[in-house]
Amino acid sequence: MDSFFSGQWLGTSDWARWTAVIGLLALLAGLVFLAWWALFADRAKGRRRCPRCWYDLAYTPGRTCPECGHTGRSEKEFSRTRRRWGLAILAMLAGSLVGGFIIDRAKYEGWMSYLPNTMLVWLLPVGGDANGLVISELDARMSSHGLSDEQWLDLLRRAVKGDFAARPGTEEWADKYGRIIDRWDDDLLGREDEEFRSQVFELLMSLPPQVELSTREVWPEDIGPTLNVAARHWWPRPDQMRLTATPSIRGVPGVEPDVHVLLDGPIQRRGYSVHLPPLEQGGYDLPITLKLERRSQSGERWQLAMQRQVEVSFDVTQRLDDMLEAVTDDDLDQAIRDVFANSGLVKYQRGGSLPVRVGLDPRPTYVEAFDGTAVGVRIEVQRNGQPGRMLDIWWHGGAGRFNRQHAWEVPFLDDEVLGAPDEEGDRWTLRIRGLPQLALRVRGVSKYWAGEVEVPTFIRRQRGSAGSRGWIPADDPVAQAAEPVEEAPPEPAEAG
């Protein structure tokens, strides 16, 4: 029975699916018509007929049929509709089976399972969000390899165009079409058909990247606002990226552009921060020019991939003390120590862009003492008293139900300190400070932890190499080393 409901009986081609669906509907309609005809089509229409053998008695007087000898009790008997009960019951039984099969299969796989692939692609613009019936059905068919190469290309062409509610480069587009590409691009680009791969490659390369800026609605005048940058793309190869954000702030001349690069791995949804100087009180509609460049590998020249201007709005009002209350005491400080005391550091044997990772367990801050409190801390990883890296991390403390996700950034990294061979007597320490500029990035709080603690820690070994570090400032030594070397101009030839 499962094979009957697996969708395979409809075939994988649109022609087979159309044939099966139209055939089922035609069969059901024919059985319904046959049942109607058997019960209602042969009416008397003013004629006199024998109710037993249906002999025409139009010219026969009396109530006795000369054909079969049946004698009627009343004249009404000779005006009855002829009903073929056997044929009607057979047609109704067959119709019930066909209709039951259609309904059961729709209940098992949904009504969308009857639509051909091409029609599902046509319906994508009106098919709702990523959890809608159309995309859910397409997901099932893609997983069972139910799309032909041409249908895959039609689907990608639709994704490149987007629709009225999901324009390419927007979050709505990423949720609706981007997740299809995220899941299947490697599979499509791994096909043996070179022409098919080439068409897929060109379509993916034509997709615009998604770059978004966001910030909190209100900032204090004594701390510079922080803009959160999130970038993503769906290009088929993990190119290196450079993103330049140039703010234009009225009354604040000479604000330098912020430049970050991504040198390893695919572009990530997790972004980075742009820090602005403290601003005077007032409302700001801040125009920012974004320029995204790309290249295949280090040492090549950057090529422009996107440039546009966006606007970020926020207010600057009051001072930090009026917005967040600084809190610290022995119990809160001990809870912060407990967050980091038992997790230690993870050191990867083969190094990588982040060879030493900080472990943490924020549950000690999920208590009433931290209600309404932001934990925004800068963690300095020290090896024998020498700083090796910093980690900025922030989350919402307190008991209750709310978004407990934490976000983080790496403002400083020294691979020479972190990646040096282990030595006997190495001492690893975490210096942890609460920073208000990090606490302000947590929404829905009225306080922040403002203490400072030091936690001795330990190393846990991990095989393999660490993952991608993500976006780094363009003036980072690693980023500088990846830039092409400027060739010196040739020396002028001496006269002979």
# chains A, B, ... in the order shown; residues from 1 in each chain; ligands from 1
call {"tool": "closest_atom_pairs", "arguments": {"of": "range 122-215 of chain A", "to": "range 229-245 of chain A", "cutoff": "12 Å", "atoms": "only C-alpha atoms", "output": "Markdown table"}}
result
| residue | atom | partner | partner_atom | distance |
| --- | --- | --- | --- | --- |
| A:Leu156 | CA | A:Trp234 | CA | 11.7 |
| A:Ala159 | CA | A:Trp234 | CA | 11.1 |
| A:Val160 | CA | A:Trp234 | CA | 10.6 |
| A:Pro168 | CA | A:His233 | CA | 10.6 |
| A:Gly169 | CA | A:His233 | CA | 8.5 |
| A:Thr170 | CA | A:Arg232 | CA | 10.3 |
| A:Glu171 | CA | A:Arg232 | CA | 10.1 |
| A:Trp173 | CA | A:Trp234 | CA | 11.5 |
| A:Ala174 | CA | A:Arg232 | CA | 9.2 |
| A:Tyr177 | CA | A:Trp234 | CA | 10.4 |
| A:Gly178 | CA | A:Trp234 | CA | 7.3 |
| A:Arg179 | CA | A:Trp234 | CA | 9.6 |
| A:Ile180 | CA | A:Trp234 | CA | 10.4 |
| A:Ile181 | CA | A:Trp234 | CA | 7.1 |
| A:Asp182 | CA | A:Trp234 | CA | 7.2 |
| A:Arg183 | CA | A:Trp234 | CA | 10.7 |
| A:Trp184 | CA | A:Pro236 | CA | 10.8 |
| A:Asp185 | CA | A:Pro236 | CA | 7.1 |
| A:Asp186 | CA | A:Pro236 | CA | 7.8 |
| A:Asp187 | CA | A:Pro236 | CA | 11.0 |
| A:Leu188 | CA | A:Pro236 | CA | 10.1 |
| A:Leu189 | CA | A:Pro236 | CA | 8.0 |
| A:Gly190 | CA | A:Pro236 | CA | 11.0 |
| A:Arg197 | CA | A:Pro236 | CA | 10.7 |
| A:Ser198 | CA | A:Pro236 | CA | 11.0 |
| A:Gln199 | CA | A:Pro236 | CA | 11.8 |
| A:Val200 | CA | A:Pro236 | CA | 8.9 |
| A:Phe201 | CA | A:Pro236 | CA | 6.6 |
| A:Glu202 | CA | A:Pro236 | CA | 9.2 |
| A:Leu203 | CA | A:Trp235 | CA | 9.0 |
| A:Leu204 | CA | A:Trp235 | CA | 5.4 |
| A:Met205 | CA | A:Trp235 | CA | 5.2 |
| A:Ser206 | CA | A:Trp235 | CA | 8.1 |
| A:Leu207 | CA | A:Trp234 | CA | 6.8 |
| A:Pro208 | CA | A:His233 | CA | 7.2 |
| A:Pro209 | CA | A:His233 | CA | 4.5 |
| A:Gln210 | CA | A:Arg232 | CA | 5.1 |
| A:Val211 | CA | A:Ala231 | CA | 4.3 |
| A:Glu212 | CA | A:Ala230 | CA | 5.2 |
| A:Leu213 | CA | A:Val229 | CA | 4.8 |
| A:Ser214 | CA | A:Val229 | CA | 6.8 |
| A:Thr215 | CA | A:Val229 | CA | 9.1 |
call {"tool": "write_last_selection", "arguments": {"atoms": "C-alpha atoms", "output": "PDB file, in the first residue's frame"}}
result
ATOM      1  CA  LEU A 156      16.400  28.096 -10.657  1.00  0.00           C
ATOM      2  CA  ALA A 159      14.465  31.679  -7.989  1.00  0.00           C
ATOM      3  CA  VAL A 160      16.639  34.196  -9.853  1.00  0.00           C
ATOM      4  CA  PRO A 168      16.190  38.698  -4.721  1.00  0.00           C
ATOM      5  CA  GLY A 169      18.560  39.877  -2.008  1.00  0.00           C
ATOM      6  CA  THR A 170      15.861  40.208   0.680  1.00  0.00           C
ATOM      7  CA  GLU A 171      15.252  38.109   3.782  1.00  0.00           C
ATOM      8  CA  TRP A 173      13.729  35.677  -0.766  1.00  0.00           C
ATOM      9  CA  ALA A 174      16.323  33.894   1.371  1.00  0.00           C
ATOM     10  CA  TYR A 177      14.153  30.448  -2.501  1.00  0.00           C
ATOM     11  CA  GLY A 178      17.571  30.705  -0.869  1.00  0.00           C
ATOM     12  CA  ARG A 179      17.092  27.607   1.265  1.00  0.00           C
ATOM     13  CA  ILE A 180      16.387  25.536  -1.853  1.00  0.00           C
ATOM     14  CA  ILE A 181      19.695  26.651  -3.348  1.00  0.00           C
ATOM     15  CA  ASP A 182      21.536  26.152  -0.035  1.00  0.00           C
ATOM     16  CA  ARG A 183      20.381  22.554   0.030  1.00  0.00           C
ATOM     17  CA  TRP A 184      20.821  21.529  -3.594  1.00  0.00           C
ATOM     18  CA  ASP A 185      23.543  23.654  -5.218  1.00  0.00           C
ATOM     19  CA  ASP A 186      26.366  21.181  -4.512  1.00  0.00           C
ATOM     20  CA  ASP A 187      24.290  18.310  -5.896  1.00  0.00           C
ATOM     21  CA  LEU A 188      23.397  20.199  -9.082  1.00  0.00           C
ATOM     22  CA  LEU A 189      26.963  21.371  -9.674  1.00  0.00           C
ATOM     23  CA  GLY A 190      28.196  17.804  -9.203  1.00  0.00           C
ATOM     24  CA  ARG A 197      26.387  22.367 -14.786  1.00  0.00           C
ATOM     25  CA  SER A 198      27.289  25.408 -16.862  1.00  0.00           C
ATOM     26  CA  GLN A 199      23.689  26.644 -16.904  1.00  0.00           C
ATOM     27  CA  VAL A 200      23.329  26.119 -13.157  1.00  0.00           C
ATOM     28  CA  PHE A 201      26.580  27.994 -12.568  1.00  0.00           C
ATOM     29  CA  GLU A 202      25.484  30.986 -14.644  1.00  0.00           C
ATOM     30  CA  LEU A 203      22.120  31.177 -12.894  1.00  0.00           C
ATOM     31  CA  LEU A 204      23.681  31.058  -9.425  1.00  0.00           C
ATOM     32  CA  MET A 205      26.282  33.662 -10.352  1.00  0.00           C
ATOM     33  CA  SER A 206      23.492  36.052 -11.393  1.00  0.00           C
ATOM     34  CA  LEU A 207      21.949  36.076  -7.906  1.00  0.00           C
ATOM     35  CA  PRO A 208      22.560  39.269  -5.907  1.00  0.00           C
ATOM     36  CA  PRO A 209      24.081  38.951  -2.427  1.00  0.00           C
ATOM     37  CA  GLN A 210      22.082  39.807   0.691  1.00  0.00           C
ATOM     38  CA  VAL A 211      23.572  42.491   2.930  1.00  0.00           C
ATOM     39  CA  GLU A 212      21.608  43.932   5.843  1.00  0.00           C
ATOM     40  CA  LEU A 213      22.342  46.505   8.559  1.00  0.00           C
ATOM     41  CA  SER A 214      20.461  46.784  11.820  1.00  0.00           C
ATOM     42  CA  THR A 215      20.838  48.450  15.217  1.00  0.00           C
TER      43      THR A 215
END
call {"tool": "closest_residue", "arguments": {"among": "A:Asp163, A:Glu311, A:Asp475, A:Asp149", "to": "Trp122 in chain A", "atoms": "only C-alpha atoms"}}
result
A:Asp163
call {"tool": "atom_distance", "arguments": {"atom1": "CA of Gly146 in chain A", "atom2": "CA of Arg191 in chain A"}}
result
15.3 Å
